[in-house]
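Report on one structure; see the data block that follows.
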Amino acid sequence: VRDLYQLYPEGSAAVSVVQPLLDLQEIDGRIRDLQQEIRDIPQRKDQEQERLSGAREALDRAQAELKNAQLRVNEVELEIEARQDRIQALKKNQVLLKTNKEFQMYNLEIAKLEGEIANYESRQIVALDDVIPVKHRVAEAQAKLQEDQDAVDAYTAELDARLVAVQEELAATEAERVEATKTVTPQFMFYYERLLSKRWPVVVELGDDCVCDGCHLVQPPSVGQMVRRNQGIVACQMCGRILYMKQ
């Protein structure tokens, strides 16, 4: 406290020491907020991209289901085609047969294959019926993903624009800070900057009950008296923050 406390002539403007620090702290508060927003924007963009993961997974599931349904249709079609080819081969060879018994055996084989074809055609109808609703689900999932993608793209564009604006505002505020530091006594500026890397806020109010608003420690009466005189800067004996009282 002794190293920081600087007496001014009785009746001098008490605000001459603390107010420049309060003004600087207000600027630093805005800088901190802007810097935090700049750090947050990429995270917010990542969160928006994560919103798409659910829609992508739903589409992947629907497409996998459609692939399986179409595979079942294809498998049935292959079975039908194989039997149709067999029937054609039997009929082609049938004209070369020499006995009626052999001809009848071919007819029985053809009939058996035709029965199998009829069975597979029934299964084919069921398989095709399964494909239709799955195609609808794929279309719905694609539409939902596109809708979400459009929304994310629009919001991401807003975040990109906001990032540019915040960076410009930060540059202007940092320039404002340079000017504000010129109004602060170098000794006090050094102490403020050193404390700024460890504490926030740096300048805090000392209540009427002599409690530091930063660490909530009750200050000795001597500290309270020096702050009330408001003729220099006084630091909290616990956290080191600069104390002031509202006039």
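Ordering of the structure tokens sets the chain letters (A, B, ...); residue numbers start at 1 within each chain; ligands are numbered from 1 in the order shown.
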Which neighbours of segment 23-31 of chain A fall inside 8 Å, counting only C-alpha atoms, when residues of the same chain fewer than 6 positions from it are skipped, and could you give them as a PDB file with all heavy atoms, in the first residue's frame?
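Writing done, so here's selection-v4.pdb:
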ATOM      1  N   LEU A 170     -12.151  -4.790 -32.654  1.00  0.00           N
ATOM      2  CA  LEU A 170     -11.045  -5.033 -31.731  1.00  0.00           C
ATOM      3  C   LEU A 170      -9.856  -4.137 -32.061  1.00  0.00           C
ATOM      4  O   LEU A 170      -9.233  -3.562 -31.162  1.00  0.00           O
ATOM      5  CB  LEU A 170     -10.626  -6.505 -31.790  1.00  0.00           C
ATOM      6  CG  LEU A 170      -9.418  -6.897 -30.936  1.00  0.00           C
ATOM      7  CD1 LEU A 170      -9.677  -6.624 -29.465  1.00  0.00           C
ATOM      8  CD2 LEU A 170      -9.053  -8.372 -31.146  1.00  0.00           C
ATOM      9  N   THR A 173     -10.648  -0.712 -30.862  1.00  0.00           N
ATOM     10  CA  THR A 173     -10.638  -0.637 -29.399  1.00  0.00           C
ATOM     11  C   THR A 173      -9.214  -0.681 -28.866  1.00  0.00           C
ATOM     12  O   THR A 173      -8.882  -0.004 -27.880  1.00  0.00           O
ATOM     13  CB  THR A 173     -11.467  -1.788 -28.801  1.00  0.00           C
ATOM     14  OG1 THR A 173     -12.767  -1.806 -29.396  1.00  0.00           O
ATOM     15  CG2 THR A 173     -11.627  -1.619 -27.299  1.00  0.00           C
ATOM     16  N   GLU A 174      -8.369  -1.485 -29.496  1.00  0.00           N
ATOM     17  CA  GLU A 174      -6.953  -1.526 -29.081  1.00  0.00           C
ATOM     18  C   GLU A 174      -6.271  -0.186 -29.333  1.00  0.00           C
ATOM     19  O   GLU A 174      -5.423   0.242 -28.540  1.00  0.00           O
ATOM     20  CB  GLU A 174      -6.237  -2.652 -29.822  1.00  0.00           C
ATOM     21  CG  GLU A 174      -6.648  -4.046 -29.332  1.00  0.00           C
ATOM     22  CD  GLU A 174      -6.047  -5.164 -30.165  1.00  0.00           C
ATOM     23  OE1 GLU A 174      -5.688  -4.897 -31.340  1.00  0.00           O
ATOM     24  OE2 GLU A 174      -5.937  -6.300 -29.658  1.00  0.00           O
ATOM     25  N   GLU A 176      -7.883   2.643 -29.235  1.00  0.00           N
ATOM     26  CA  GLU A 176      -8.455   3.480 -28.173  1.00  0.00           C
ATOM     27  C   GLU A 176      -7.703   3.246 -26.865  1.00  0.00           C
ATOM     28  O   GLU A 176      -7.472   4.183 -26.084  1.00  0.00           O
ATOM     29  CB  GLU A 176      -9.936   3.133 -28.014  1.00  0.00           C
ATOM     30  CG  GLU A 176     -10.667   3.957 -26.971  1.00  0.00           C
ATOM     31  CD  GLU A 176     -12.123   3.548 -26.827  1.00  0.00           C
ATOM     32  OE1 GLU A 176     -12.610   2.745 -27.649  1.00  0.00           O
ATOM     33  OE2 GLU A 176     -12.768   4.031 -25.870  1.00  0.00           O
ATOM     34  N   ARG A 177      -7.307   2.010 -26.629  1.00  0.00           N
ATOM     35  CA  ARG A 177      -6.573   1.687 -25.411  1.00  0.00           C
ATOM     36  C   ARG A 177      -5.211   2.387 -25.383  1.00  0.00           C
ATOM     37  O   ARG A 177      -4.767   2.862 -24.333  1.00  0.00           O
ATOM     38  CB  ARG A 177      -6.374   0.173 -25.302  1.00  0.00           C
ATOM     39  CG  ARG A 177      -5.757  -0.256 -23.984  1.00  0.00           C
ATOM     40  CD  ARG A 177      -5.450  -1.748 -23.966  1.00  0.00           C
ATOM     41  NE  ARG A 177      -5.211  -2.209 -22.611  1.00  0.00           N
ATOM     42  CZ  ARG A 177      -4.057  -2.143 -21.963  1.00  0.00           C
ATOM     43  NH1 ARG A 177      -2.996  -1.598 -22.595  1.00  0.00           N
ATOM     44  NH2 ARG A 177      -3.922  -2.572 -20.725  1.00  0.00           N
ATOM     45  N   ALA A 180      -5.759   5.728 -24.196  1.00  0.00           N
ATOM     46  CA  ALA A 180      -6.169   5.771 -22.790  1.00  0.00           C
ATOM     47  C   ALA A 180      -4.979   5.576 -21.851  1.00  0.00           C
ATOM     48  O   ALA A 180      -4.941   6.152 -20.758  1.00  0.00           O
ATOM     49  CB  ALA A 180      -7.228   4.705 -22.524  1.00  0.00           C
ATOM     50  N   THR A 181      -4.021   4.771 -22.249  1.00  0.00           N
ATOM     51  CA  THR A 181      -2.859   4.531 -21.380  1.00  0.00           C
ATOM     52  C   THR A 181      -2.036   5.795 -21.169  1.00  0.00           C
ATOM     53  O   THR A 181      -1.317   5.910 -20.168  1.00  0.00           O
ATOM     54  CB  THR A 181      -1.956   3.429 -21.975  1.00  0.00           C
ATOM     55  OG1 THR A 181      -1.506   3.833 -23.277  1.00  0.00           O
ATOM     56  CG2 THR A 181      -2.696   2.106 -22.074  1.00  0.00           C
ATOM     57  N   PRO A 201     -11.646  -8.258 -12.420  1.00  0.00           N
ATOM     58  CA  PRO A 201     -11.110  -6.958 -12.835  1.00  0.00           C
ATOM     59  C   PRO A 201      -9.941  -6.542 -11.952  1.00  0.00           C
ATOM     60  O   PRO A 201      -9.713  -7.100 -10.890  1.00  0.00           O
ATOM     61  CB  PRO A 201     -12.308  -6.029 -12.660  1.00  0.00           C
ATOM     62  CG  PRO A 201     -13.117  -6.669 -11.576  1.00  0.00           C
ATOM     63  CD  PRO A 201     -12.959  -8.154 -11.754  1.00  0.00           C
ATOM     64  N   VAL A 202      -9.227  -5.516 -12.413  1.00  0.00           N
ATOM     65  CA  VAL A 202      -8.060  -5.029 -11.687  1.00  0.00           C
ATOM     66  C   VAL A 202      -8.462  -3.970 -10.675  1.00  0.00           C
ATOM     67  O   VAL A 202      -7.968  -3.944  -9.552  1.00  0.00           O
ATOM     68  CB  VAL A 202      -7.010  -4.457 -12.673  1.00  0.00           C
ATOM     69  CG1 VAL A 202      -5.825  -3.876 -11.911  1.00  0.00           C
ATOM     70  CG2 VAL A 202      -6.544  -5.545 -13.633  1.00  0.00           C
ATOM     71  N   VAL A 203      -9.352  -3.080 -11.065  1.00  0.00           N
ATOM     72  CA  VAL A 203      -9.825  -1.990 -10.202  1.00  0.00           C
ATOM     73  C   VAL A 203     -11.213  -2.363  -9.701  1.00  0.00           C
ATOM     74  O   VAL A 203     -12.122  -2.600 -10.501  1.00  0.00           O
ATOM     75  CB  VAL A 203      -9.877  -0.656 -10.962  1.00  0.00           C
ATOM     76  CG1 VAL A 203     -10.230   0.479 -10.012  1.00  0.00           C
ATOM     77  CG2 VAL A 203      -8.542  -0.391 -11.656  1.00  0.00           C
TER      78      VAL A 203
END
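For the set A:Glu75, A:Lys112, A:Met245, A:Asp85, the residue with the smallest atom-to-atom gap to Met226 of chain A is A:Met245, counting only C-alpha atoms.
Between atom CA of Gln231 of chain A and atom CA of Ser197 of chain A lies a distance of 25.8 Å.
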Checklist entry - If we count only C-alpha atoms, what is near Gln142 of chain A at a cut-off of 9 Å, once residues fewer than 3 positions away on the same chain are taken out, given as a list in words? => result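 My reading of the contact set: Ala55, Arg56, Ala58, Leu59, Arg137, Val138, Ala139, Leu145, Gln146 and Glu147 of chain A.
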For Asp209 of chain A, work out the shell of residues within 9 Å, counting only C-alpha atoms and skipping chain neighbours fewer than 3 positions away, then give it as a CSV table (one decimal) with all heavy atoms, in the first residue's frame.
chain,number,residue,atom,x,y,z
A,206,LEU,N,-14.4,-0.7,-3.1
A,206,LEU,CA,-14.3,-1.0,-1.7
A,206,LEU,C,-15.6,-0.5,-1.1
A,206,LEU,O,-15.9,0.7,-1.2
A,206,LEU,CB,-13.1,-0.3,-1.0
A,206,LEU,CG,-12.9,-0.7,0.4
A,206,LEU,CD1,-12.5,-2.1,0.6
A,206,LEU,CD2,-11.9,0.3,1.1
A,212,CYS,N,-13.3,-5.7,0.1
A,212,CYS,CA,-12.9,-5.7,-1.3
A,212,CYS,C,-13.8,-6.4,-2.2
A,212,CYS,O,-14.2,-7.6,-1.9
A,212,CYS,CB,-11.5,-6.3,-1.4
A,212,CYS,SG,-10.9,-6.6,-3.1
A,218,VAL,N,-12.1,-8.3,4.2
A,218,VAL,CA,-12.3,-7.1,4.9
A,218,VAL,C,-11.0,-6.4,5.1
A,218,VAL,O,-10.0,-7.0,5.6
A,218,VAL,CB,-13.0,-7.3,6.3
A,218,VAL,CG1,-13.1,-6.0,7.1
A,218,VAL,CG2,-14.3,-8.0,6.1
A,219,GLN,N,-10.9,-5.1,4.7
A,219,GLN,CA,-9.6,-4.4,4.8
A,219,GLN,C,-9.5,-3.7,6.1
A,219,GLN,O,-10.4,-3.4,6.8
A,219,GLN,CB,-9.6,-3.3,3.7
A,219,GLN,CG,-9.8,-3.9,2.3
A,219,GLN,CD,-8.6,-4.8,1.9
A,219,GLN,OE1,-7.5,-4.4,1.9
A,219,GLN,NE2,-9.0,-6.0,1.5
A,224,GLY,N,-9.1,1.5,4.5
A,224,GLY,CA,-10.4,2.2,4.2
A,224,GLY,C,-10.2,3.7,4.2
A,224,GLY,O,-10.8,4.4,3.4
Checklist entry - Per DSSP on the backbone, what are the strand (DSSP E or B) residues of segment 9-233 of chain A, as a PyMOL selection string? => result chain A and resi 203-206+211-212+218
Checklist outcome for this item: From atom CA of Ala127 of chain A to atom CA of Ile87 of chain A the spacing works out at 23.8 Å
Next on the checklist: Could you tell me how far atom CA of Leu21 of chain A sits from atom CA of Phe190 of chain A, in Å to one decimal place?
Outcome noted: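 Computing it gives 11.4 Å between the two atoms.
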